file final04.cif (mmCIF, C-alpha atoms)
data_target
#
loop_
_atom_site.label_atom_id
_atom_site.label_comp_id
_atom_site.auth_asym_id
_atom_site.auth_seq_id
_atom_site.Cartn_x
_atom_site.Cartn_y
_atom_site.Cartn_z
CA MET A 1 300.58 58.96 18.03
CA LYS A 2 301.63 62.57 18.38
CA HIS A 3 299.42 62.74 21.47
CA LEU A 4 300.91 59.55 22.83
CA SER A 5 304.39 61.06 22.45
CA ARG A 6 303.26 64.04 24.46
CA PHE A 7 302.08 61.69 27.16
CA LEU A 8 305.41 59.87 27.20
CA VAL A 9 307.21 63.20 27.63
CA ALA A 10 304.95 63.95 30.59
CA LEU A 11 305.68 60.48 31.97
CA LEU A 12 309.42 61.12 31.80
CA LEU A 13 308.88 64.36 33.72
CA VAL A 14 306.97 62.43 36.38
CA VAL A 15 309.69 59.82 36.78
CA GLY A 16 312.37 62.52 36.80
CA PHE A 17 310.52 64.41 39.51
CA SER A 18 310.44 61.27 41.65
CA ASN A 19 314.22 61.06 41.62
CA VAL A 20 315.14 64.57 42.73
CA LYS A 21 313.89 64.23 46.32
CA ALA A 22 315.84 62.46 49.06
CA GLN A 23 314.40 59.12 50.14
CA ASP A 24 314.90 59.40 53.88
CA SER A 25 311.93 57.57 55.49
CA ASN A 26 310.21 54.24 55.18
CA ASN A 27 308.79 53.87 51.68
CA PRO A 28 307.83 57.52 51.19
CA TRP A 29 307.37 57.07 47.45
CA GLN A 30 304.47 55.38 45.70
CA ILE A 31 304.00 54.60 42.00
CA ASN A 32 300.59 53.60 40.65
CA VAL A 33 300.24 52.07 37.18
CA GLY A 34 297.05 50.80 35.59
CA ILE A 35 294.23 51.45 33.20
CA ASN A 36 291.75 54.33 33.29
CA ALA A 37 288.17 54.84 32.18
CA VAL A 38 286.72 58.26 31.19
CA ASP A 39 282.94 58.79 31.57
CA PHE A 40 281.18 62.00 30.40
CA PHE A 41 277.68 60.79 31.25
CA PRO A 42 276.76 61.30 34.94
CA THR A 43 277.97 64.86 35.58
CA ASN A 44 274.82 66.98 35.17
CA ASP A 45 276.42 69.08 32.40
CA MET A 46 275.32 67.36 29.22
CA GLU A 47 272.54 69.70 28.05
CA ALA A 48 274.93 72.23 26.52
CA ALA A 49 276.33 69.40 24.45
CA GLY A 50 272.86 68.06 23.63
CA LEU A 51 273.41 65.08 25.94
CA THR A 52 271.50 63.64 28.87
CA GLY A 53 272.61 62.46 32.29
CA LYS A 54 272.27 63.85 35.80
CA TRP A 55 274.67 63.65 38.71
CA PHE A 56 275.81 60.05 39.17
CA ASP A 57 273.13 58.90 36.75
CA GLU A 58 274.20 55.41 35.60
CA TYR A 59 277.50 55.98 37.39
CA PHE A 60 278.38 52.28 37.17
CA ASN A 61 277.17 51.77 33.59
CA VAL A 62 280.36 50.70 31.83
CA ASN A 63 278.70 51.14 28.45
CA HIS A 64 279.45 54.87 28.81
CA TYR A 65 283.07 54.28 29.76
CA ASN A 66 285.99 54.99 27.44
CA ILE A 67 288.67 52.42 28.22
CA LEU A 68 292.03 51.99 26.55
CA PRO A 69 292.87 48.34 27.21
CA THR A 70 296.55 48.87 27.96
CA LEU A 71 298.73 50.71 30.43
CA SER A 72 297.10 54.12 30.32
CA THR A 73 297.74 55.88 33.62
CA ILE A 74 300.73 56.34 35.88
CA SER A 75 301.19 58.43 38.99
CA VAL A 76 303.97 59.14 41.46
CA SER A 77 303.43 60.54 44.94
CA LYS A 78 305.52 61.24 48.03
CA TYR A 79 304.38 61.06 51.64
CA VAL A 80 305.02 64.38 53.40
CA GLY A 81 303.65 63.61 56.88
CA ASP A 82 300.46 63.62 58.95
CA GLY A 83 298.65 61.44 56.40
CA PHE A 84 299.28 63.74 53.41
CA SER A 85 300.99 62.88 50.14
CA VAL A 86 301.67 65.04 47.09
CA GLY A 87 302.21 63.82 43.57
CA VAL A 88 301.55 63.98 39.85
CA ARG A 89 299.56 61.79 37.47
CA GLY A 90 299.60 61.28 33.73
CA SER A 91 296.92 59.45 31.73
CA VAL A 92 295.95 58.72 28.11
CA ASN A 93 292.72 57.37 26.60
CA LYS A 94 290.58 57.23 23.42
CA ILE A 95 287.14 58.82 23.49
CA GLU A 96 284.50 56.84 21.61
CA ASN A 97 281.54 57.48 23.97
CA TYR A 98 280.63 61.05 24.82
CA GLY A 99 277.82 60.53 27.29
CA ASP A 100 275.41 58.30 25.39
CA GLN A 101 276.63 59.51 22.00
CA SER A 102 279.35 58.04 19.83
CA ARG A 103 282.43 59.94 18.66
CA ASP A 104 285.27 59.23 16.33
CA ASP A 105 288.38 58.14 18.12
CA LEU A 106 289.48 61.24 19.98
CA THR A 107 292.75 61.16 21.85
CA TYR A 108 292.41 62.04 25.53
CA TYR A 109 295.33 62.76 27.78
CA GLY A 110 295.80 64.59 31.05
CA PHE A 111 298.46 65.74 33.40
CA ASP A 112 297.43 66.48 37.02
CA GLY A 113 298.92 67.45 40.36
CA THR A 114 297.46 65.71 43.45
CA ILE A 115 297.21 66.13 47.21
CA LYS A 116 296.07 62.96 48.95
CA TYR A 117 294.95 62.38 52.55
CA ASN A 118 295.14 58.86 53.98
CA LEU A 119 292.02 58.07 56.07
CA ASN A 120 293.98 55.47 58.03
CA GLU A 121 295.50 58.46 59.79
CA LEU A 122 292.13 58.84 61.55
CA TYR A 123 291.32 55.16 62.04
CA ASN A 124 293.63 52.27 61.22
CA MET A 125 291.85 49.79 58.96
CA GLY A 126 294.81 47.49 58.42
CA ASN A 127 295.51 46.45 54.86
CA PHE A 128 292.52 48.43 53.60
CA ASP A 129 293.88 51.92 52.96
CA PRO A 130 291.21 54.45 51.79
CA TYR A 131 292.05 58.04 50.91
CA LEU A 132 290.66 61.34 49.62
CA GLU A 133 292.33 63.31 46.85
CA VAL A 134 292.14 66.87 45.51
CA GLY A 135 294.18 68.59 42.85
CA GLY A 136 294.21 70.21 39.49
CA GLY A 137 295.74 69.89 36.08
CA TYR A 138 295.25 70.14 32.35
CA THR A 139 293.33 67.80 30.10
CA TRP A 140 293.39 67.61 26.28
CA ILE A 141 291.01 66.05 23.80
CA ASP A 142 292.94 65.99 20.58
CA ASP A 143 294.51 69.44 20.32
CA ILE A 144 292.03 71.28 22.54
CA GLY A 145 292.88 71.49 26.24
CA ALA A 146 291.45 73.02 29.40
CA GLY A 147 292.40 73.35 33.03
CA THR A 148 290.53 71.21 35.54
CA LEU A 149 289.87 71.15 39.29
CA ASN A 150 289.79 67.57 40.54
CA GLY A 151 288.40 65.71 43.53
CA GLY A 152 288.55 61.99 44.08
CA ILE A 153 288.25 59.03 46.39
CA GLY A 154 290.06 55.72 46.28
CA PHE A 155 291.72 52.96 48.19
CA ASN A 156 294.76 50.74 48.21
CA TYR A 157 294.55 47.17 49.45
CA TRP A 158 298.03 46.06 50.45
CA PHE A 159 298.90 42.44 49.76
CA THR A 160 302.44 42.98 51.07
CA ASP A 161 304.25 45.90 52.69
CA ASN A 162 305.00 47.26 49.22
CA LEU A 163 302.41 45.96 46.75
CA ALA A 164 298.69 46.84 46.59
CA LEU A 165 295.61 46.87 44.41
CA ASN A 166 294.63 50.49 43.67
CA VAL A 167 291.09 51.64 42.77
CA GLN A 168 290.17 55.32 42.32
CA SER A 169 287.36 57.51 41.01
CA THR A 170 288.00 61.21 40.25
CA TYR A 171 285.67 64.01 39.24
CA LYS A 172 287.34 66.55 36.91
CA HIS A 173 285.65 69.93 36.53
CA ALA A 174 286.71 71.88 33.45
CA PHE A 175 287.10 75.66 33.34
CA GLU A 176 286.36 75.92 29.59
CA ASP A 177 283.01 75.31 27.88
CA TYR A 178 284.51 73.12 25.18
CA LEU A 179 285.62 70.49 27.75
CA ASN A 180 282.74 69.01 29.70
CA PRO A 181 283.15 67.91 33.33
CA HIS A 182 283.66 64.18 33.57
CA PHE A 183 284.68 61.26 35.74
CA GLN A 184 287.95 59.39 35.38
CA HIS A 185 288.21 55.98 37.06
CA SER A 186 291.32 53.85 37.36
CA VAL A 187 292.32 50.36 38.47
CA GLY A 188 295.89 49.31 38.83
CA VAL A 189 298.83 48.34 41.00
CA ALA A 190 300.44 50.50 43.69
CA ILE A 191 304.08 50.07 44.64
CA LYS A 192 305.71 51.74 47.65
CA PHE A 193 309.47 52.18 47.78
CA GLY A 194 312.30 54.46 48.85
CA GLY A 195 313.07 53.31 52.39
CA LYS A 196 316.68 53.39 53.59
CA ASP A 197 318.33 50.44 55.35
CA THR A 198 321.95 51.41 56.12
CA ASP A 199 322.95 48.19 57.88
CA GLU A 200 321.04 45.96 55.39
CA ASP A 201 319.26 44.00 58.10
CA GLY A 202 315.84 44.30 56.45
CA ILE A 203 314.64 47.00 58.86
CA PHE A 204 314.36 50.54 57.57
CA ASP A 205 316.43 53.15 59.37
CA LYS A 206 313.30 54.97 60.51
CA ASP A 207 312.22 51.91 62.52
CA ASP A 208 315.74 50.65 63.30
CA ALA A 209 316.94 51.40 66.84
CA CYS A 210 320.46 50.46 65.68
CA PRO A 211 320.57 51.70 62.06
CA ASP A 212 324.33 51.25 61.64
CA VAL A 213 324.57 47.72 63.08
CA LYS A 214 322.86 44.70 61.55
CA GLY A 215 320.25 43.36 63.96
CA LEU A 216 317.01 41.43 64.36
CA PRO A 217 313.37 42.46 63.89
CA GLU A 218 312.41 41.34 67.39
CA PHE A 219 314.91 43.84 68.80
CA ASN A 220 313.92 46.72 66.49
CA GLY A 221 317.04 46.17 64.40
CA CYS A 222 319.53 45.83 67.26
CA PRO A 223 321.92 42.86 67.47
CA ASP A 224 322.07 39.83 69.74
CA THR A 225 325.65 38.71 69.19
CA ASP A 226 325.59 35.61 71.42
CA GLY A 227 322.11 34.51 70.28
CA ASP A 228 320.70 34.15 73.78
CA GLY A 229 317.54 36.13 73.05
CA ILE A 230 318.77 39.27 74.81
CA GLU A 231 319.81 42.25 72.73
CA ASP A 232 323.39 43.39 73.24
CA SER A 233 322.45 46.75 74.79
CA LYS A 234 320.65 44.91 77.61
CA ASP A 235 323.10 42.00 77.82
CA ASP A 236 325.79 42.24 80.51
CA CYS A 237 327.64 39.43 78.70
CA PRO A 238 326.95 40.15 75.00
CA ASP A 239 329.59 37.72 73.69
CA THR A 240 328.59 34.73 75.84
CA ALA A 241 325.15 33.13 75.80
CA GLY A 242 323.41 33.41 79.13
CA LEU A 243 320.09 33.71 80.93
CA ALA A 244 317.54 36.51 80.82
CA ALA A 245 317.26 36.35 84.62
CA LEU A 246 320.98 37.16 84.83
CA ASN A 247 320.91 39.91 82.18
CA GLY A 248 322.36 37.57 79.57
CA CYS A 249 325.27 36.16 81.61
CA PRO A 250 325.95 32.42 81.99
CA ASP A 251 325.49 30.37 85.17
CA THR A 252 327.51 27.17 84.79
CA ASP A 253 326.56 25.59 88.13
CA GLY A 254 322.91 26.66 87.92
CA ASP A 255 322.82 28.31 91.33
CA GLY A 256 321.28 31.55 90.07
CA ILE A 257 324.53 33.51 90.34
CA ALA A 258 326.29 34.68 87.18
CA ASP A 259 329.71 33.09 86.69
CA ALA A 260 331.41 36.49 86.72
CA LYS A 261 330.10 37.09 90.25
CA ASP A 262 330.40 33.48 91.46
CA ASP A 263 333.43 32.62 93.63
CA CYS A 264 332.68 28.95 92.95
CA PRO A 265 331.32 28.96 89.38
CA THR A 266 331.40 25.17 88.93
CA VAL A 267 329.83 24.23 92.29
CA ALA A 268 326.31 25.30 93.21
CA GLY A 269 326.15 27.62 96.18
CA SER A 270 324.17 30.49 97.64
CA ALA A 271 324.11 34.22 97.00
CA ALA A 272 325.00 34.85 100.63
CA MET A 273 328.20 32.89 100.08
CA ASN A 274 328.98 34.54 96.70
CA GLY A 275 328.03 31.32 94.91
CA CYS A 276 329.96 28.92 97.15
CA PRO A 277 328.34 26.06 99.12
CA ASP A 278 327.74 26.06 102.89
CA THR A 279 326.53 22.54 103.59
CA ASP A 280 325.86 22.99 107.30
CA GLY A 281 324.36 26.46 106.84
CA ASP A 282 326.54 28.07 109.48
CA GLY A 283 327.55 31.02 107.31
CA ILE A 284 331.03 29.67 106.57
CA THR A 285 331.81 28.27 103.12
CA ASP A 286 332.75 24.60 103.06
CA ALA A 287 336.25 25.47 101.86
CA LYS A 288 336.89 27.47 105.07
CA ASP A 289 334.83 25.31 107.48
CA ASN A 290 336.69 22.81 109.71
CA CYS A 291 333.35 21.08 110.31
CA PRO A 292 331.52 21.52 106.96
CA THR A 293 328.68 19.13 107.84
CA GLU A 294 328.17 20.37 111.40
CA ALA A 295 327.13 23.96 112.04
CA GLY A 296 329.45 26.07 114.14
CA PRO A 297 330.55 29.68 114.60
CA SER A 298 333.33 31.36 112.67
CA ALA A 299 335.06 32.05 115.98
CA ASN A 300 335.45 28.28 116.32
CA LYS A 301 336.32 27.80 112.59
CA GLY A 302 332.88 26.45 111.77
CA CYS A 303 332.76 23.83 114.49
CA PRO A 304 330.13 23.84 117.30
CA TRP A 305 330.87 24.89 120.89
CA THR A 306 330.37 22.29 123.66
CA ASP A 307 327.43 22.30 126.10
CA ARG A 308 328.31 20.00 129.04
CA ASP A 309 325.04 20.33 130.94
CA GLY A 310 322.92 20.07 127.79
CA ASP A 311 320.79 23.09 128.64
CA GLY A 312 321.22 24.69 125.24
CA VAL A 313 323.56 27.37 126.57
CA LEU A 314 327.10 26.91 125.26
CA ASP A 315 329.77 26.43 127.88
CA LYS A 316 331.48 29.63 126.83
CA ASP A 317 328.30 31.59 127.66
CA ASP A 318 327.05 29.43 130.58
CA ARG A 319 327.48 30.89 134.10
CA CYS A 320 326.50 27.43 135.38
CA PRO A 321 328.10 25.09 132.77
CA ASP A 322 327.60 21.93 134.86
CA VAL A 323 324.05 22.65 136.03
CA ALA A 324 321.20 22.77 133.52
CA GLY A 325 319.61 26.17 133.31
CA VAL A 326 317.94 28.55 130.92
CA ALA A 327 319.28 31.02 128.38
CA GLU A 328 317.34 33.85 130.03
CA ASN A 329 319.48 33.37 133.15
CA GLN A 330 322.78 32.77 131.26
CA GLY A 331 322.61 28.99 131.69
CA CYS A 332 321.71 28.97 135.38
CA PRO A 333 318.38 27.70 136.74
CA PRO A 334 315.49 30.05 135.98
CA ILE A 335 314.48 32.83 138.31
CA ALA A 336 310.94 33.10 139.57
CA ARG A 337 308.41 34.36 137.02
CA MET A 338 304.80 35.40 137.48
CA THR A 339 302.15 32.95 136.42
CA VAL A 340 299.08 33.86 134.38
CA THR A 341 297.00 33.68 137.56
CA GLU A 342 299.27 36.13 139.35
CA ILE A 343 299.33 38.51 136.38
CA THR A 344 295.53 38.47 136.23
CA GLU A 345 295.29 39.15 139.98
CA LEU A 346 297.73 42.04 139.61
CA ASP A 347 295.67 43.64 136.82
CA ASN A 348 292.41 43.21 138.74
CA LEU A 349 293.92 44.93 141.77
CA ALA A 350 295.15 47.79 139.59
CA ARG A 351 291.62 48.47 138.35
CA THR A 352 290.50 49.16 141.96
CA VAL A 353 292.99 51.99 142.42
CA TYR A 354 290.90 55.14 142.87
CA PHE A 355 291.88 58.80 142.72
CA ASN A 356 290.30 61.90 144.07
CA SER A 357 288.08 63.52 141.43
CA GLY A 358 290.07 65.42 138.80
CA LYS A 359 293.35 64.86 140.72
CA ASP A 360 296.30 62.47 140.80
CA SER A 361 296.04 61.92 144.58
CA PHE A 362 294.74 58.58 145.88
CA LYS A 363 291.55 58.03 147.80
CA ALA A 364 292.24 56.79 151.33
CA GLU A 365 291.04 53.23 150.70
CA THR A 366 293.45 52.91 147.71
CA TYR A 367 296.62 52.67 149.80
CA ALA A 368 295.68 49.21 151.02
CA ILE A 369 295.24 48.14 147.39
CA LEU A 370 298.65 49.57 146.41
CA ASP A 371 300.29 47.71 149.30
CA ARG A 372 298.72 44.45 148.16
CA ILE A 373 300.11 45.11 144.66
CA ALA A 374 303.57 45.80 146.08
CA ASN A 375 303.50 42.60 148.15
CA LEU A 376 302.52 40.58 145.08
CA ILE A 377 305.34 42.08 143.00
CA LYS A 378 307.92 41.70 145.77
CA GLY A 379 308.25 37.96 145.13
CA PHE A 380 309.40 38.60 141.54
CA PRO A 381 312.30 41.09 141.70
CA LYS A 382 313.34 40.58 138.02
CA GLU A 383 309.95 41.33 136.53
CA GLU A 384 309.35 44.65 134.75
CA PHE A 385 305.99 46.41 134.49
CA THR A 386 304.23 49.16 132.57
CA ILE A 387 301.70 51.33 134.41
CA GLY A 388 298.99 52.77 132.12
CA GLY A 389 296.74 55.63 133.20
CA HIS A 390 293.28 56.11 131.62
CA THR A 391 290.43 58.65 132.00
CA ASP A 392 286.85 59.01 130.91
CA SER A 393 285.87 61.50 128.19
CA VAL A 394 284.70 64.25 130.53
CA GLY A 395 286.86 67.33 129.97
CA SER A 396 289.21 68.30 127.16
CA ASP A 397 291.55 65.85 125.42
CA ALA A 398 294.60 67.77 126.58
CA LEU A 399 293.46 67.85 130.22
CA ASN A 400 292.59 64.14 130.20
CA GLN A 401 295.96 63.27 128.65
CA LYS A 402 297.82 65.25 131.31
CA LEU A 403 295.71 63.77 134.13
CA SER A 404 296.25 60.19 132.90
CA GLU A 405 300.02 60.68 132.79
CA ALA A 406 300.03 62.20 136.30
CA ARG A 407 297.99 59.29 137.74
CA ALA A 408 300.23 56.66 136.10
CA ASN A 409 303.32 58.39 137.52
CA ALA A 410 301.67 58.56 140.97
CA VAL A 411 301.27 54.77 140.99
CA VAL A 412 304.86 54.27 139.80
CA THR A 413 306.18 56.60 142.53
CA TYR A 414 304.30 54.73 145.25
CA LEU A 415 305.36 51.26 144.09
CA ARG A 416 309.01 52.28 143.70
CA SER A 417 308.94 53.27 147.35
CA LYS A 418 307.98 49.67 148.21
CA VAL A 419 309.81 47.40 145.70
CA GLY A 420 312.88 47.59 143.46
CA ASN A 421 311.33 46.40 140.19
CA LYS A 422 311.54 48.47 137.03
CA PHE A 423 308.38 50.45 136.16
CA THR A 424 307.42 52.56 133.14
CA ALA A 425 304.50 55.02 133.24
CA THR A 426 302.34 55.87 130.20
CA GLY A 427 299.26 58.07 130.03
CA TYR A 428 296.59 57.23 127.42
CA GLY A 429 294.04 59.93 128.26
CA GLU A 430 290.57 59.05 127.00
CA ASP A 431 291.83 57.17 123.87
CA LYS A 432 291.32 53.56 125.08
CA PRO A 433 287.94 53.23 126.81
CA ILE A 434 286.77 49.77 127.92
CA ALA A 435 283.16 50.87 128.43
CA SER A 436 280.74 53.50 127.16
CA ASN A 437 281.43 57.06 128.28
CA ARG A 438 277.71 57.80 127.99
CA THR A 439 276.87 56.21 131.34
CA ARG A 440 278.13 56.88 134.85
CA LYS A 441 279.03 53.23 135.29
CA GLY A 442 280.94 53.19 131.99
CA ARG A 443 282.85 56.37 132.82
CA ALA A 444 283.80 54.89 136.21
CA GLN A 445 285.24 51.83 134.46
CA ASN A 446 287.20 54.00 132.06
CA ARG A 447 288.86 55.94 134.95
CA ARG A 448 291.36 53.19 135.66
CA VAL A 449 294.98 52.12 136.04
CA GLU A 450 296.35 49.03 134.26
CA ILE A 451 299.51 47.15 135.23
CA LYS A 452 301.06 44.99 132.49
CA LEU A 453 304.01 42.63 132.76
CA VAL A 454 306.84 43.28 130.28
CA ARG A 455 308.12 40.00 128.83
#

call {"tool": "encode", "arguments": {"input": "final04.cif", "output": "C-alpha cells"}}
result
Amino acid sequence: MKHLSRFLVALLLVVGFSNVKAQDSNNPWQINVGINAVDFFPTNDMEAAGLTGKWFDEYFNVNHYNILPTLSTISVSKYVGDGFSVGVRGSVNKIENYGDQSRDDLTYYGFDGTIKYNLNELYNMGNFDPYLEVGGGYTWIDDIGAGTLNGGIGFNYWFTDNLALNVQSTYKHAFEDYLNPHFQHSVGVAIKFGGKDTDEDGIFDKDDACPDVKGLPEFNGCPDTDGDGIEDSKDDCPDTAGLAALNGCPDTDGDGIADAKDDCPTVAGSAAMNGCPDTDGDGITDAKDNCPTEAGPSANKGCPWTDRDGDGVLDKDDRCPDVAGVAENQGCPPIARMTVTEITELDNLARTVYFNSGKDSFKAETYAILDRIANLIKGFPKEEFTIGGHTDSVGSDALNQKLSEARANAVVTYLRSKVGNKFTATGYGEDKPIASNRTRKGRAQNRRVEIKLVR
C-alpha cells in the first residue's frame, strides 16, 4: 500500500498540473483512464536475467502479461498545436510474471512525461485517431527504480466529440541493469475537455464567428434573430423575417421588391415603377395615369395621342395628318426608294469601274459607266450610299490601303458632280478579296469598287 500511496501522490500532481494552464481552445485537454498490462517477455533482453524471449516474441501472449484488474493508469495531456500534445502519465501494477518466470507480488509503478504526435495531422481518418508517442520517466519495482526512455503507438476511436476508446502499446527502455526493458500496454477511456464557449450557444469560441452572441451552428455561432434562415450580419432586415433573394427583407405583395424599397408595398408592381403597378405598360404608374388601361405618353398624362389618318404617325408628329403616310417621311406618303433590282444593277455597274494601273485616275471607258450610275441614282435623291475601294494583294499593305482610299474618293468626287445624294468613301485595301490573288483573273476581280445603299 505504501507504493499505492506514492502513486496517488503522483496522480494528484498530474491533476494539479492540468489545472494550471489556461483552457483557451477547443478541448485542448485530454484525460485517459484505464488498465495497463506490463510484459517483460518479448524485449530481447532476458538472457542477463536467465530468461528467454526475442524482440516481439509472443508479443500478444497474454499469459506473460501482468494485469491489475482495476483502474491502474491515468494520463493527462494538452494539445500544443501542429498535431503535437504534451502530457504526463502515472501507472501502477503487480508483477507476477517476469518473462516466463513467476515472481512474488512485486509492486510496479511509473511516472512518465510524454510527447504525442497525432497522425490525423497528415491524413484525416475520421473517428479513428492514431498517434505516435515518445517520452521518458521513472519506473519502480518495489523500492528499486530506474529511468526509462519510452516510445509508443496507439489510437483513440471517438464515439462522440469528447469520448473515445483508447488503446496503446509502449516500449520502455531502462538505463539500469536491475530494471529490464519491457512493454506496457493499456486500454481505457479518453475524455477531451477544456473548450471555452462564452455565449453558451454550444459552439466553442475557437469555431464561433460570433463568440459573444448566442447563435446557431449553421451560421458558425452567429445569430438569426428573425428566424428567416439568414444570419443577422447578412440580413438587411434582421428583426423582420424575409427572403434570401431580398437579403432577408420581406416582400408583402410578392413582386420581388423589398417592402422598404416598394412605393406600393401591398400591391404588386414592377421594379421600374418602384414596386407600383403600370397596367397599360406606358411607364406611368396607375395612380398617376389618366388612362391606366390604355397606353399613352406622360406628356398626355398617360393617354394616347390621336391619329386621324390611321397611318401610325400621331397627329402631333404628322406633317400630313389627314393623308396616310409613313413614319420615315413624318406621316406623309413615302418617297421613292430603290428596289432590290436597282440596287443589284448599281453594284454590278460599280464593279466595271476601271482605273489606270497603280493610280486613282479612271480609264477612258469608265466615264460612261459612272454616268450610268449617276443617272440611276438621280431618281432617288434621298438615298445615301457608301463607296468602297478594294485592291489586289500586289504591293505593300500600306500602299494598297492608300490606293483603295484614293480610288473610293475619286468615285465619290465624280458622282457628287452629277447628283446631290450623300456619299461616304471607305478604302479597304487588300483586306476583303472576293477571288484568289494567285491568278490574274482573281486579282482583276479584287481591284474593284462597290456601291452599297445605306438604309

call {"tool": "closest_residue", "arguments": {"input": "final04.cif", "among": "A:Gly145, A:Gly195, A:Pro277, A:Gly151", "to": "Phe183 in chain A", "atoms": "only C-alpha atoms"}}
result
A:Gly151

call {"tool": "resolve_selection", "arguments": {"input": "final04.cif", "expression": "the PyMOL selection byres ((chain A and resi 286) around 12)", "output": "CSV table (one decimal) with C-alpha atoms, in the frame of the given file"}}
result
chain,number,residue,atom,x,y,z
A,264,CYS,CA,332.7,29.0,93.0
A,267,VAL,CA,329.8,24.2,92.3
A,268,ALA,CA,326.3,25.3,93.2
A,269,GLY,CA,326.2,27.6,96.2
A,270,SER,CA,324.2,30.5,97.6
A,273,MET,CA,328.2,32.9,100.1
A,275,GLY,CA,328.0,31.3,94.9
A,276,CYS,CA,330.0,28.9,97.2
A,277,PRO,CA,328.3,26.1,99.1
A,278,ASP,CA,327.7,26.1,102.9
A,279,THR,CA,326.5,22.5,103.6
A,280,ASP,CA,325.9,23.0,107.3
A,281,GLY,CA,324.4,26.5,106.8
A,282,ASP,CA,326.5,28.1,109.5
A,283,GLY,CA,327.6,31.0,107.3
A,284,ILE,CA,331.0,29.7,106.6
A,285,THR,CA,331.8,28.3,103.1
A,287,ALA,CA,336.2,25.5,101.9
A,288,LYS,CA,336.9,27.5,105.1
A,289,ASP,CA,334.8,25.3,107.5
A,290,ASN,CA,336.7,22.8,109.7
A,291,CYS,CA,333.4,21.1,110.3
A,292,PRO,CA,331.5,21.5,107.0
A,293,THR,CA,328.7,19.1,107.8
A,294,GLU,CA,328.2,20.4,111.4
A,295,ALA,CA,327.1,24.0,112.0
A,296,GLY,CA,329.4,26.1,114.1
A,298,SER,CA,333.3,31.4,112.7
A,301,LYS,CA,336.3,27.8,112.6
A,302,GLY,CA,332.9,26.4,111.8
A,303,CYS,CA,332.8,23.8,114.5

call {"tool": "closest_residue", "arguments": {"input": "final04.cif", "among": "A:Cys332, A:Ile230, A:Ala37, A:Gly81", "to": "Phe60 in chain A", "atoms": "all atoms listed in the file"}}
result
A:Ala37

call {"tool": "closest_residue", "arguments": {"input": "final04.cif", "among": "A:Asp318, A:Asp197, A:Asp82, A:Asp143", "to": "Tyr108 in chain A", "atoms": "all atoms listed in the file"}}
result
A:Asp143

call {"tool": "residues_near_point", "arguments": {"input": "final04.cif", "point": "(291.4, 65.7, 21.2)", "cutoff": "7 Å", "atoms": "all atoms listed in the file", "output": "CSV table (one decimal) with C-alpha atoms, in the coordinates of the input"}}
result
chain,number,residue,atom,x,y,z
A,106,LEU,CA,289.5,61.2,20.0
A,107,THR,CA,292.8,61.2,21.8
A,108,TYR,CA,292.4,62.0,25.5
A,140,TRP,CA,293.4,67.6,26.3
A,141,ILE,CA,291.0,66.0,23.8
A,142,ASP,CA,292.9,66.0,20.6
A,143,ASP,CA,294.5,69.4,20.3
A,144,ILE,CA,292.0,71.3,22.5

call {"tool": "atom_distance", "arguments": {"input": "final04.cif", "atom1": "CA of Leu399 in chain A", "atom2": "CA of Arg447 in chain A"}}
result
13.6 Å

call {"tool": "resolve_selection", "arguments": {"input": "final04.cif", "expression": "the PyMOL selection byres ((chain A and resi 146) around 10)", "output": "list of chain:residue names"}}
result
A:Gly110, A:Gly137, A:Tyr138, A:Thr139, A:Trp140, A:Ile141, A:Ile144, A:Gly145, A:Gly147, A:Thr148, A:His173, A:Ala174, A:Phe175, A:Glu176, A:Asp177, A:Tyr178, A:Leu179, A:Asn180

call {"tool": "write_last_selection", "arguments": {"input": "final04.cif", "atoms": "C-alpha atoms", "output": "compact mmCIF listing (two decimals), in the frame of the given file"}}
result
# COMPACT_ATOMS: atom_id res chain seq x y z
CA GLY A 110 295.80 64.59 31.05
CA GLY A 137 295.74 69.89 36.08
CA TYR A 138 295.25 70.14 32.35
CA THR A 139 293.33 67.80 30.10
CA TRP A 140 293.39 67.61 26.28
CA ILE A 141 291.01 66.05 23.80
CA ILE A 144 292.03 71.28 22.54
CA GLY A 145 292.88 71.49 26.24
CA GLY A 147 292.40 73.35 33.03
CA THR A 148 290.53 71.21 35.54
CA HIS A 173 285.65 69.93 36.53
CA ALA A 174 286.71 71.88 33.45
CA PHE A 175 287.10 75.66 33.34
CA GLU A 176 286.36 75.92 29.59
CA ASP A 177 283.01 75.31 27.88
CA TYR A 178 284.51 73.12 25.18
CA LEU A 179 285.62 70.49 27.75
CA ASN A 180 282.74 69.01 29.70

call {"tool": "atom_distance", "arguments": {"input": "final04.cif", "atom1": "CA of Gly248 in chain A", "atom2": "CA of Lys261 in chain A"}}
result
13.2 Å

call {"tool": "resolve_selection", "arguments": {"input": "final04.cif", "expression": "the PyMOL selection byres ((chain A and resi 402-404) around 12)", "output": "count of residues only"}}
result
42

call {"tool": "residues_around", "arguments": {"input": "final04.cif", "residues": "Tyr157 in chain A", "least_positions_apart": "5", "cutoff": "8 Å", "atoms": "all atoms listed in the file", "output": "PyMOL selection string"}}
result
chain A and resi 127-129+164-166

call {"tool": "residues_around", "arguments": {"input": "final04.cif", "residues": "Leu243 in chain A", "least_positions_apart": "3", "cutoff": "12 Å", "atoms": "only C-alpha atoms", "output": "PyMOL selection string"}}
result
chain A and resi 226-231+234-238+240+246-252+254+256-259
